[in-house]
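Asker: Got a structure for you, written out below as structure tokens; questions coming shortly.
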Number of protein chains: 2
Amino acid sequence: MDGDTNGYRWIGTRTIRPDGVDKVTGRAAFGADFSLPGMLVGKILRSPHAHARIRGINTKKAEVLAGVKAVVTSADFPEILPAEATKGSSPPNYRHLSQNLMAREKVLYDGHAVAAVAATNAAIATEALSLIEVEYEVLPHVTGVLEAMAEDAPILHDDLFTGGVDPKPGKPSNVAKRVEFAIGDTDAGFESADLIVERHYDTEGIHQGYIEPHAVVASMAADGQANIWCSSQGHFMVRQYCAGLLNMNIGDIKVTPAEIGGGFGGKTTVYLEPVALLLSKKSGLPIKMVMTRDEVFRGTGPTSGSYMTIKVGAKQDGTITAAEADLRFFAGAFPGAPVHLGCMCGFTPYDIENVKAVGYDVVTNRPKAISYRAPGAPIAAFGIESAIDELAKKLNIDPLALREKNAAKQGTRTAYGPTLGVVGFEETLEAAKNHPQMSEPLGANQGRGIASGYWFNVGGESSASVSVNEDGTITVTSGAPDIGGSRASLCIMAAEIFGINIDQVRAVIGDTTATAFNRHTGGSRVTFALGAVVIEAAEDCILQLRECAAKTWDIDIDAVEWENGEARPAGDNAGKFEPLTLPEIAEKTPMTGGPISAKKSSNVQGPGPAFGTHICDVEVDCETGHVKILRYTAIQDAGRAIHPGYVEGQMQGGVVQGIGWALNEEYIYGEDGKLQNPGFLDYRIPVASDLPMIDTVIVEIPNPTHPFGVRGVGEIPIIPPMAAVANAIENAVGLRLTSLPMSPPKVLAALDNGD
Amino acid sequence: MDGDTNGYRWIGTRTIRPDGVDKVTGRAAFGADFSLPGMLVGKILRSPHAHARIRGINTKKAEVLAGVKAVVTSADFPEILPAEATKGSSPPNYRHLSQNLMAREKVLYDGHAVAAVAATNAAIATEALSLIEVEYEVLPHVTGVLEAMAEDAPILHDDLFTGGVDPKPGKPSNVAKRVEFAIGDTDAGFESADLIVERHYDTEGIHQGYIEPHAVVASMAADGQANIWCSSQGHFMVRQYCAGLLNMNIGDIKVTPAEIGGGFGGKTTVYLEPVALLLSKKSGLPIKMVMTRDEVFRGTGPTSGSYMTIKVGAKQDGTITAAEADLRFFAGAFPGAPVHLGCMCGFTPYDIENVKAVGYDVVTNRPKAISYRAPGAPIAAFGIESAIDELAKKLNIDPLALREKNAAKQGTRTAYGPTLGVVGFEETLEAAKNHPQMSEPLGANQGRGIASGYWFNVGGESSASVSVNEDGTITVTSGAPDIGGSRASLCIMAAEIFGINIDQVRAVIGDTTATAFNRHTGGSRVTFALGAVVIEAAEDCILQLRECAAKTWDIDIDAVEWENGEARPAGDNAGKFEPLTLPEIAEKTPMTGGPISAKKSSNVQGPGPAFGTHICDVEVDCETGHVKILRYTAIQDAGRAIHPGYVEGQMQGGVVQGIGWALNEEYIYGEDGKLQNPGFLDYRIPVASDLPMIDTVIVEIPNPTHPFGVRGVGEIPIIPPMAAVANAIENAVGLRLTSLPMSPPKVLAALDNGD
């Protein structure tokens with residue numbers, strides 16, 4: 001892409017990272033880096049049981065320990081009745097959120113919070129936790145999705161009645177929801193198929209693995225005004241959720257975002273913040289809480305694990321005639337598995353006449369699942385893209401050619417409703433076909449796998465302001481945390497619009513009082529949606545700049561044009577005036593009406609759906625079952641890569657996480673329902689030595705609904721890897737692995753069984 | 001005022017202070033309350049000489065001390081040449097500002113900064129200061145204004161050529177500026193007078209006496225991006241000045257305001273911030289600097305002292321025919337005494353045909369003067385209001401009656417240009433006449449004094465935003481620090497406009513990226529000028545709320561009216577719809593286009609000039625010279641008191657500071673030019689036991705250029721006290737005191753001399 005910037009000055013260039021120096025020098029302040037005078041340390045007591053009734057909590061001994069300033073349990077939180085569970089327009093379930101924060105009648109997983117203390121130091125807080133006496137009545141537990149759906153499964157919630165595959169009216173169930181998306185007639189479609197593949201797949205629960213544990217400083221005054229400093233994917237989300245959980249006015253809470261050390265969807269909810277607020281209210285002092293890694297694994301949301309059945313039928317020529325998916329995702333202790341998203345995304349890369357995807361959202365005795373990059377889609381893609389590969393093999397068609405034959409394109413009707421507009425799936429397949437990796441020779445026990453992925457991307461409520469400073473430099477203030485380089489992309493778009501040097505523009509993430517509401521950073525929405533409002537605000541500023549020039553020259557504003565950072569008379573008739581630069585106009589603003597600034601808010605519509613295709617080469621060590629990634633190329637339609645370096649970073653990061661998901665990462669529960677690997681020594685994420693350099697190819701098919709053609713880029717790259725790796729293993733050793741992770745023991749077992 | 005709110009629901013009521021709980025519980029975070037991980041302690045080495053040439057600075061020993069991370073001197077600051085002294089439209093003199101921050105060739109006062117260090121703790125920083133070797137060539141010094149204007153005075157700046165009363169072209173001078181404001185013909189005016197009084201007055205330099213010392217945390221990255229947290233009267237001022245001093249882009253600096261523990265004009269410039277930035281840049285770590293009280297007195301701006309000659313002539317009937325003032329103010333080490341403001345305000349309470357006010361801005365070997373509440377006006381008023389009192393006595397006219405006879409009113413032409421609009425001076429005199437204090441009997445050695453004062457008030461660049469939160473609560477974000485209750489007054493005005501309960505509105509002070517540029521808090525501008533933009537933004541939000549209701553009901557926006565916090569169909573023809581409350585509309589915004597918010601910026605014009613009249617009763621102890629304030633009433637035209645409690649607080653605070661100025665406060669310099677009383681033990685500000693409860697009367701003559709009639713209220717109350725006390729002393733013991741402070745030794749000396 002570099003060098004060819006489509007006539008743009010900044011769009012598509014690799015400008016210096018505005019967050020780079022801070023992050024490599026340690027100056028960037030993350031969640032745990034904030035402090036206040038007189039601050040207490042808060043700590044949480046967590047359940048040692050997977051499922052138990054709380055008979056009583058005695059906090060008296062902890063309360064009288066010298067240095068302890070506050071103890072809270074669920075009794076200190078407002079109880080949220082079922083009728084009050086939803087507030088506002090697109091909320092979480094506050095009842096579940098509250099019960100997840102602090103267990104009420106029952107603990108539902110190993111690590112579920114039951115009480116919290118605030119003390120003058122960490123040692124006292126830890127000691128206080130040990131003095132809290134909780135009387136548990138241990139109950140039978142269930143951690144697997146099929147087991148949880150079984151007739152005689154231990155039931156987590158007495159008030160969940162949705163039922164499962166074969167619902168029994170009036171009987172509580174662990175199945176919170178069943179969703180179905182369908183077009184055409186799959187029975188007829190399979191009827192007309194020459195070949196059908198059908199197989200079960202399963203995946204384990206895995207954690208987002210962000211390096212920065214959750215951390216917060218909170219302070220709440222006696223009059224209800226509160227301040228929170230924390231790392232999250234949405235400080236407006238934190239504000240809204242805290243207000244909803246604690247019955248506070250949203251306007252009484254100010255949340256200041258810290259730099260975020262990874263979230264990947266895992267920081268789209270609250271764990272510590274409301275607890276810290278209550279401890280602060282009770283103690284009258286600010287509270288700092290930082291999770292340990294153990295707490296992150298046991299107490300915060302991983303993504304779902306699943307059990308899936310995928311069935312695909314095709315004609316001999318490769319035309320796919322029907323496809324069905326039965327997806328069963330466990331949600332952990334409270335409903336909310338992203339199974340509907342898996343259903344929506346899974347088959348969308350293909351233009352299939354008859355599609356049916358059914359999903360079940362199932363509760364289990366595990367921490368409540370939360371988003372993880374393209375939530376649900378990678379899980380579905382593991383099954384579906386494996387099935388497509390199997391189909392190709394059985395049809396004796398090249399897997400890329402099979403995808404090309406059935407590729408979704410402009411006009412393809414999706415199973416979940418919308419018809420696709422301008423999309424670039426075929427272009428990613430074309431790029432894959434032409435990529436040198438495709439012709440790289442493979443050795444013994446080496447194989448190559450292909451897989452694709454789809455994510456619709458999202459827009460949503462976005463608010464930003466653009467201010468012209470007194471010296472003509474530009475400040476862009478937005479309200480969604482910068483996770484994947486949005487400060488860079490917003491600066492680039494603003495500099496392009498103003499026609500000025502990039503070093504004259506700085507983008508900052510404002511606190512919750514600096515902009516109006518912003519939906520959290522997620523769904524690959526920020527460069528697209530915040531970009532749209534920043535562009536609108538910059539254009540409004542340019543209008544004001546032209547007005548100032550018009551006033552200065554005493555001519556009509558229509559006779560002033562803006563070009564390359566300057567106001568100029570438009571044409572000869574406008575008059576002869578020297579151009580006024582941005583700094584020159586900025587200096588005059590006290591005389592022309594005041595500071596120039598614009599603030600825009602919008603619920604931005606029209607995100608550009610995106611596709612990716614990955615090529616993975618592996619080598620299987622048949623003695624140990626170890627799978628080595630030899631080479632990996634991620635190809636993706638970015639719409640327009642505003643800053644190619646960050647886009648590549650997103651692609652590489654997603655692939656790495658997908659490889660971890662494919663090969664090693666998993667939550668391991670014992671028979672007792674306790675998590676056995678809550679630490680990075682035992683929960684194995686990929687490290688640099690596990691991986692080759694991940695190659696990237698950015699395809700650019702501009703999104704017609706965005707001024708610069710932006711599509712989201714952050715989700716797609718984690719969708720294909722698990723299937724790409726599985727398909728490569730199959731290609732290498734002829735074994736179709738259907739269970740994640742494809743760790744050495746599982747690979748070895750498969751080799752031994754020859755299945 | 002209470003009870004009569006002119007039909008308003010919130011305007012004029014004493015709502016609960018939004019900053020109250022935080023300030024009485026210690027939760028409010030002031031300048032010194034901020035910290036960052038890895039933060040160093042910065043300290044400044046200051047000159048022990050009043051005037052000396054710096055022959056050399058050797059920092060080597062300090063630099064190698066273990067724990068010292070950076071040492072800076074003026075060599076580290078960009079030198080700002082005379083041609084570059086002004087930047088932008090209404091700047092400080094950056095050359096002088098830079099030289100005041102860190103002495104270059106010469107030190108110009110005892111306490112002038114010469115070097116700074118950053119070290120891992122305070123003890124090491126202090127030791128490092130002692131290792132810095134400065135070679136001084138001590139020069140003759142001058143601290144008095146008349147001495148500095150003398151022919152043979154030691155000259156501070158070789159490049160100051162303005163000259164004095166009798167300027168010598170080409171000869172450097174300590175007189176930086178001469179100003180003159182005049183109307184009519186004072187010679188002819190005095191000619192026609194039956195009686196003329198003329199007298200010299202003098203005042204000492206005094207400090208603003210804010211309780212919170214200057215404090216800052218600053219962090220600057222290698223790429224030039226910087227963060228500053230500090231207490232000031234204007235975080236945009238801090239940003240602008242730091243950028244100007246260090247040749248940085250304004251957009252590269254973010255300043256977050258701390259709560260301010262008093263400023264009174266003294267925190268309208270920078271002392272520590274640019275030094276901390278340079279130490280941070282050099283060390284690569286954040287820097288915290290907090291001044292000691294000694295440093296505050298020796299190193300930060302007091303207000304000017306003065307030598308004045310006041311001459312007033314009148315007819316026998318009390319008509320003042322002419323008035324002249326010759327005001328000589330010392331500015332300390334660099335030009336900038338507020339003598340022009342004294343000239344402008346002094347005679348403005350009176351409608352006099354012939355007026356002439358001449359002012360001299362004189363440099364002396366003292367810390368550079370900076371604003372102090374109504375800068376210049378209290379000094380001029382001390383002389384002028386004393387002269388009016390003397391005139392009244394000699395004419396045998398009651399002092400209030402003499403003021404009434406000559407009172408400025410709508411249409412009065414001021415000596416500095418503008419003609420007064422709607423003003424309330426006569427109403428303050430009327431209120432004084434009717435006040436019970438006027439008929440309170442006086443005993444032996446007791447006396448009553450009257451004095452008035454004028455301040456034009458100011459508007460200026462103001463930026464604020466108003467956001468409707470997801471639950472319908474309102475956030476008002478403005479960019480000027482809250483010193484005298486502006487969060488309360490902005491909330492009240494917003495609640496009034498929206499027609500909602502006051503507890504649904506919160507006002508916050510945003511950082512420099514949250515709003516566009518704001519002029520600093522000063523000149524009694526914030527409730528007036530920020531109020532105007534907040535009202536404008538709230539009205540814009542209401543328009544958007546009506547649009548949402550119109551969309552929801554599918555009717556025209558003109559058919560929707562806003563009343564009492566609800567959108568309603570306007571009239572019967574609009575249709576039958578249940579009113580939509582603010583929370584109901586807020587909840588729908590995701591479906592009606594996105595968050596509702598408005599941001600307004602303006603250089604607000606049309607501040608309402610204000611007048612005050614004070615009544616002071618004293619008792620003079622003729623044995624000790626101690627003057628006791630028996631009773632004190634401050635009467636003032638507030639235009640409209642948005643929150644009467646805060647207005648009264650401003651009035652009482654101003655009076656207390658004026659009484660301190662009148663009776664005790666003074667900078668005492670030794671023969672050696674060193675300040676002898678840099679601490680609150682020796683620099684005596686009034687304490688609670690020195691004072692009676694200060695009575696207040698708010699007069700309300702609305703300012704026609706503000707939607708709610710606001711005038712500024714913060715400056716006026718410090719203007720009359722010194723003259724009111726002097727006039728009361730004269731009334732008590734028949735002695736006209738002309739020199740501030742009227743401390744026991746001076747009063748005793750006057751009693752002894754009988755002058």
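Labeling convention for the structure tokens: chains A, B, ... as they appear, residues from 1 per chain, ligands from 1 in order of appearance.
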Residues of chain B within 7 Å of chain A, counting only C-alpha atoms - could you list those as a PyMOL selection string?
Answerer: chain B and resi 21-22+33-37+88-89+221-223+249-252+461+467+469+471+473-475+477+505-506+510+513-514+516-517+587-588+590+593-595+597-599+601-603
Asker: Just N, CA and C atoms for this one: save the residues we selected as a compact mmCIF listing (two decimals), in the first residue's frame.
Answerer:
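Listed below is the output, part_18.txt:
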```
# COMPACT_ATOMS: atom_id res chain seq x y z
N VAL B 21 -19.21 19.43 50.02
CA VAL B 21 -18.83 18.20 50.72
C VAL B 21 -17.35 17.89 50.51
N ASP B 22 -16.92 18.01 49.26
CA ASP B 22 -15.51 17.72 48.98
C ASP B 22 -14.58 18.61 49.78
N ASP B 33 -1.94 17.52 45.58
CA ASP B 33 -2.52 16.20 45.87
C ASP B 33 -2.34 15.20 44.74
N PHE B 34 -1.74 15.63 43.65
CA PHE B 34 -1.58 14.73 42.52
C PHE B 34 -0.21 14.04 42.58
N SER B 35 -0.15 12.83 42.08
CA SER B 35 1.14 12.15 42.02
C SER B 35 1.16 11.16 40.88
N LEU B 36 2.34 10.81 40.43
CA LEU B 36 2.53 9.84 39.36
C LEU B 36 3.61 8.85 39.78
N PRO B 37 3.53 7.63 39.28
CA PRO B 37 4.58 6.66 39.61
C PRO B 37 5.94 7.16 39.12
N GLY B 88 0.82 35.92 19.67
CA GLY B 88 -0.64 35.86 19.72
C GLY B 88 -1.23 37.22 20.01
N SER B 89 -2.49 37.22 20.39
CA SER B 89 -3.24 38.47 20.41
C SER B 89 -3.24 39.19 21.75
N ALA B 221 7.31 13.99 27.47
CA ALA B 221 7.93 12.86 26.79
C ALA B 221 8.98 13.34 25.79
N ALA B 222 9.77 12.39 25.34
CA ALA B 222 10.84 12.70 24.38
C ALA B 222 10.28 13.26 23.08
N ASP B 223 9.02 12.92 22.75
CA ASP B 223 8.44 13.43 21.51
C ASP B 223 7.75 14.78 21.71
N ASN B 249 4.28 23.38 20.67
CA ASN B 249 2.93 23.49 20.13
C ASN B 249 1.93 23.46 21.28
N ILE B 250 0.96 24.35 21.23
CA ILE B 250 -0.06 24.37 22.27
C ILE B 250 -0.76 23.01 22.34
N GLY B 251 -1.00 22.42 21.16
CA GLY B 251 -1.70 21.15 21.13
C GLY B 251 -0.93 19.99 21.74
N ASP B 252 0.36 20.18 21.98
CA ASP B 252 1.17 19.12 22.58
C ASP B 252 1.10 19.12 24.10
N GLU B 461 -12.99 35.34 26.20
CA GLU B 461 -13.16 34.04 25.55
C GLU B 461 -13.66 33.00 26.54
N SER B 467 -24.07 18.54 28.02
CA SER B 467 -24.42 17.22 27.49
C SER B 467 -25.61 16.65 28.25
N ASN B 469 -26.99 13.39 29.46
CA ASN B 469 -26.52 12.03 29.67
C ASN B 469 -27.61 11.02 29.34
N ASP B 471 -29.29 9.07 31.06
CA ASP B 471 -30.44 9.01 31.97
C ASP B 471 -31.14 10.36 32.08
N THR B 473 -29.79 13.15 33.00
CA THR B 473 -29.07 14.13 33.82
C THR B 473 -28.20 14.98 32.89
N ILE B 474 -27.78 16.13 33.41
CA ILE B 474 -27.08 17.10 32.57
C ILE B 474 -25.66 17.30 33.10
N THR B 475 -24.70 17.27 32.19
CA THR B 475 -23.32 17.61 32.54
C THR B 475 -22.93 18.91 31.85
N THR B 477 -19.80 21.25 31.16
CA THR B 477 -18.34 21.24 31.21
C THR B 477 -17.81 22.60 30.76
N VAL B 505 -28.27 18.28 37.60
CA VAL B 505 -27.25 19.00 36.83
C VAL B 505 -25.94 19.04 37.61
N ARG B 506 -24.87 18.69 36.95
CA ARG B 506 -23.54 18.82 37.55
C ARG B 506 -22.64 19.61 36.62
N GLY B 510 -13.46 21.18 32.94
CA GLY B 510 -12.75 20.25 32.06
C GLY B 510 -11.29 20.64 31.90
N THR B 513 -8.29 19.81 27.01
CA THR B 513 -8.76 19.11 25.81
C THR B 513 -10.27 18.92 25.84
N ALA B 514 -10.91 19.31 26.95
CA ALA B 514 -12.35 19.07 27.08
C ALA B 514 -13.19 20.20 26.48
N ALA B 516 -12.87 24.20 24.19
CA ALA B 516 -11.98 25.10 23.48
C ALA B 516 -11.44 26.12 24.49
N PHE B 517 -10.64 27.02 24.01
CA PHE B 517 -9.93 27.99 24.85
C PHE B 517 -10.86 28.77 25.78
N GLU B 587 -33.34 8.54 26.71
CA GLU B 587 -33.31 7.10 26.49
C GLU B 587 -33.51 6.76 25.02
N LYS B 588 -34.23 7.63 24.31
CA LYS B 588 -34.54 7.35 22.90
C LYS B 588 -33.45 7.82 21.94
N PRO B 590 -30.49 6.94 21.06
CA PRO B 590 -29.85 6.03 20.09
C PRO B 590 -30.70 5.85 18.82
N GLY B 593 -30.85 9.59 16.46
CA GLY B 593 -29.70 10.24 15.82
C GLY B 593 -28.43 10.24 16.65
N GLY B 594 -28.56 9.99 17.95
CA GLY B 594 -27.35 9.97 18.77
C GLY B 594 -27.42 10.93 19.93
N PRO B 595 -26.33 10.96 20.73
CA PRO B 595 -26.30 11.75 21.96
C PRO B 595 -26.59 13.24 21.71
N SER B 597 -25.99 17.03 22.77
CA SER B 597 -24.90 17.78 23.39
C SER B 597 -24.67 19.03 22.58
N ALA B 598 -24.19 20.07 23.20
CA ALA B 598 -23.86 21.29 22.46
C ALA B 598 -22.65 21.95 23.09
N LYS B 599 -21.83 22.49 22.23
CA LYS B 599 -20.59 23.12 22.68
C LYS B 599 -20.60 24.54 22.14
N SER B 601 -18.61 28.44 22.05
CA SER B 601 -17.44 29.27 22.32
C SER B 601 -17.76 30.69 21.89
N SER B 602 -17.33 31.64 22.69
CA SER B 602 -17.57 33.02 22.31
C SER B 602 -16.59 33.93 23.04
N ASN B 603 -16.23 35.02 22.41
CA ASN B 603 -15.53 36.07 23.15
C ASN B 603 -16.64 36.97 23.67
```
Asker: As an MDAnalysis selection string, please: all residues of region 507-549 of chain A that backbone DSSP puts in alpha helix (DSSP H).
Answerer: chainID A and resid 526:549
Asker: If we count only C-alpha atoms and set the cut-off at 8 Å, which residues sit around Val107 (chain B), ignoring sequence neighbours fewer than 6 positions away in its own chain? Please answer as a PyMOL selection string.
Answerer: chain B and resi 47+49-54+113-114
Asker: For N, CA, C and O atoms, I'd like the residues from the last selection saved as a compact mmCIF listing (two decimals), in the first residue's frame.
Answerer:
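Once written, selection.txt looks like this:
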```
# COMPACT_ATOMS: atom_id res chain seq x y z
N SER B 47 17.76 33.50 44.52
CA SER B 47 18.77 34.51 44.80
C SER B 47 18.66 35.03 46.23
O SER B 47 17.57 35.34 46.70
N HIS B 49 20.13 37.82 46.89
CA HIS B 49 20.43 39.25 46.70
C HIS B 49 19.27 39.95 46.00
O HIS B 49 18.56 39.34 45.18
N ALA B 50 19.10 41.22 46.31
CA ALA B 50 18.03 42.00 45.69
C ALA B 50 18.37 42.37 44.24
O ALA B 50 17.50 42.56 43.41
N HIS B 51 19.67 42.49 43.97
CA HIS B 51 20.10 42.93 42.65
C HIS B 51 21.56 42.50 42.48
O HIS B 51 22.42 42.92 43.25
N ALA B 52 21.82 41.66 41.53
CA ALA B 52 23.20 41.20 41.33
C ALA B 52 23.37 40.66 39.92
O ALA B 52 22.42 40.15 39.32
N ARG B 53 24.58 40.80 39.44
CA ARG B 53 24.92 40.20 38.17
C ARG B 53 25.39 38.77 38.41
O ARG B 53 26.10 38.50 39.37
N ILE B 54 24.91 37.85 37.57
CA ILE B 54 25.34 36.46 37.71
C ILE B 54 26.61 36.27 36.89
O ILE B 54 26.58 36.36 35.66
N ALA B 113 14.46 33.12 41.01
CA ALA B 113 14.95 31.77 40.72
C ALA B 113 16.21 31.82 39.86
O ALA B 113 16.26 32.58 38.89
N VAL B 114 17.21 30.99 40.22
CA VAL B 114 18.44 30.94 39.41
C VAL B 114 18.75 29.54 38.87
O VAL B 114 19.48 29.40 37.91
```
Asker: Please extract the residues of region 14-180 of chain B with a backbone DSSP assignment of strand (DSSP E) and present them as a PyMOL selection string.
Answerer: chain B and resi 40-46+52-58+68-73+106-107+113-119+133-138+175-180
Asker: Would you list the contacts of Trp10 (chain B) as a short mmCIF file (atom, residue, chain, number, x, y, z; two decimals) with N, CA, C and O atoms, in the first residue's frame, taking every protein, DNA or RNA residue within 12 Å and counting only C-alpha atoms, but skipping same-chain residues closer than 3 positions in sequence?
Answerer:
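Final file, part23.cif:
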```
data_model
loop_
_atom_site.label_atom_id
_atom_site.label_comp_id
_atom_site.auth_asym_id
_atom_site.auth_seq_id
_atom_site.Cartn_x
_atom_site.Cartn_y
_atom_site.Cartn_z
N ASP B 2 -33.62 36.50 49.45
CA ASP B 2 -34.22 35.16 49.49
C ASP B 2 -35.73 35.23 49.59
O ASP B 2 -36.27 36.06 50.29
N GLY B 3 -36.37 34.30 48.90
CA GLY B 3 -37.83 34.30 48.93
C GLY B 3 -38.37 35.01 47.70
O GLY B 3 -39.33 34.56 47.09
N ASP B 4 -37.72 36.11 47.32
CA ASP B 4 -38.16 36.82 46.12
C ASP B 4 -37.23 36.43 44.98
O ASP B 4 -36.13 36.96 44.85
N THR B 5 -37.64 35.47 44.16
CA THR B 5 -36.73 35.03 43.11
C THR B 5 -37.23 35.45 41.72
O THR B 5 -36.89 34.83 40.71
N ASN B 6 -38.04 36.51 41.70
CA ASN B 6 -38.43 37.11 40.42
C ASN B 6 -39.05 36.12 39.45
O ASN B 6 -38.87 36.23 38.24
N GLY B 7 -39.74 35.16 40.00
CA GLY B 7 -40.39 34.18 39.14
C GLY B 7 -39.49 33.05 38.70
O GLY B 7 -39.92 32.13 38.01
N THR B 13 -31.55 31.33 44.36
CA THR B 13 -31.75 30.46 45.53
C THR B 13 -30.40 29.93 46.02
O THR B 13 -29.43 29.90 45.28
N ARG B 14 -30.41 29.51 47.28
CA ARG B 14 -29.16 29.05 47.91
C ARG B 14 -29.09 27.54 47.84
O ARG B 14 -29.25 26.84 48.83
N THR B 15 -28.83 27.03 46.62
CA THR B 15 -28.75 25.58 46.43
C THR B 15 -27.51 25.04 47.15
O THR B 15 -26.56 25.78 47.43
N ILE B 16 -27.54 23.74 47.45
CA ILE B 16 -26.42 23.10 48.15
C ILE B 16 -25.14 23.24 47.32
O ILE B 16 -25.16 23.07 46.10
N ALA B 488 -21.60 26.13 40.94
CA ALA B 488 -22.96 26.31 41.44
C ALA B 488 -23.76 27.23 40.52
O ALA B 488 -24.90 26.93 40.14
N SER B 489 -23.16 28.35 40.14
CA SER B 489 -23.95 29.31 39.35
C SER B 489 -24.25 28.77 37.96
O SER B 489 -25.34 28.99 37.42
N LEU B 490 -23.31 28.00 37.38
CA LEU B 490 -23.58 27.42 36.05
C LEU B 490 -24.66 26.35 36.15
O LEU B 490 -25.53 26.25 35.28
N CYS B 491 -24.63 25.54 37.21
CA CYS B 491 -25.69 24.53 37.42
C CYS B 491 -27.04 25.21 37.57
O CYS B 491 -28.04 24.75 37.01
N ILE B 492 -27.08 26.27 38.34
CA ILE B 492 -28.36 26.95 38.58
C ILE B 492 -28.92 27.49 37.27
O ILE B 492 -30.10 27.31 36.96
N MET B 493 -28.05 28.11 36.48
CA MET B 493 -28.54 28.68 35.21
C MET B 493 -29.01 27.57 34.27
O MET B 493 -30.04 27.70 33.61
N ALA B 494 -28.25 26.45 34.21
CA ALA B 494 -28.65 25.35 33.33
C ALA B 494 -29.96 24.73 33.81
O ALA B 494 -30.86 24.45 33.01
N ALA B 495 -30.10 24.52 35.12
CA ALA B 495 -31.33 23.93 35.65
C ALA B 495 -32.52 24.84 35.34
O ALA B 495 -33.62 24.37 35.02
N GLU B 496 -32.29 26.14 35.44
CA GLU B 496 -33.36 27.10 35.15
C GLU B 496 -33.79 26.99 33.68
O GLU B 496 -34.97 26.95 33.36
N ILE B 497 -32.80 26.92 32.79
CA ILE B 497 -33.10 26.85 31.35
C ILE B 497 -33.80 25.54 31.01
O ILE B 497 -34.82 25.52 30.31
N PHE B 498 -33.29 24.42 31.53
CA PHE B 498 -33.92 23.12 31.23
C PHE B 498 -35.24 22.94 31.97
O PHE B 498 -36.08 22.14 31.55
N GLY B 499 -35.41 23.66 33.07
CA GLY B 499 -36.64 23.49 33.84
C GLY B 499 -36.65 22.18 34.61
O GLY B 499 -37.68 21.51 34.71
N ILE B 500 -35.49 21.81 35.15
CA ILE B 500 -35.39 20.54 35.88
C ILE B 500 -34.83 20.78 37.27
O ILE B 500 -34.35 21.88 37.57
N ASN B 501 -34.86 19.73 38.08
CA ASN B 501 -34.34 19.84 39.44
C ASN B 501 -32.83 20.05 39.42
O ASN B 501 -32.12 19.46 38.61
N ILE B 502 -32.36 20.87 40.34
CA ILE B 502 -30.95 21.23 40.38
C ILE B 502 -30.05 20.00 40.59
O ILE B 502 -28.92 19.96 40.11
N ASP B 503 -30.58 18.96 41.27
CA ASP B 503 -29.71 17.80 41.52
C ASP B 503 -29.54 16.92 40.27
O ASP B 503 -28.81 15.93 40.30
N VAL B 505 -28.27 18.28 37.60
CA VAL B 505 -27.25 19.00 36.83
C VAL B 505 -25.94 19.04 37.61
O VAL B 505 -25.93 19.34 38.80
N ALA B 641 -27.97 38.14 41.62
CA ALA B 641 -27.21 37.17 42.41
C ALA B 641 -27.74 35.79 42.07
O ALA B 641 -28.82 35.41 42.50
N ILE B 642 -26.98 35.05 41.28
CA ILE B 642 -27.45 33.71 40.86
C ILE B 642 -27.52 32.80 42.07
O ILE B 642 -28.51 32.10 42.26
N HIS B 643 -26.48 32.81 42.90
CA HIS B 643 -26.48 32.05 44.16
C HIS B 643 -26.08 33.05 45.25
O HIS B 643 -24.90 33.31 45.46
N PRO B 644 -27.05 33.60 45.96
CA PRO B 644 -26.74 34.69 46.91
C PRO B 644 -25.70 34.29 47.96
O PRO B 644 -24.89 35.13 48.38
N PHE B 708 -29.71 36.60 32.40
CA PHE B 708 -30.26 36.66 33.76
C PHE B 708 -29.83 37.92 34.50
O PHE B 708 -30.07 38.04 35.70
#
```
Asker: Which residues, written as number ranges by chain, have at least one atom at most 12 Å from Pro92 (chain B), with only C-alpha atoms counted and residues fewer than 4 positions away on the same chain left out?
Answerer: B: 84-88, 96-98, 237-238, 240-242, 244-245, 268-270, 334-336, 370
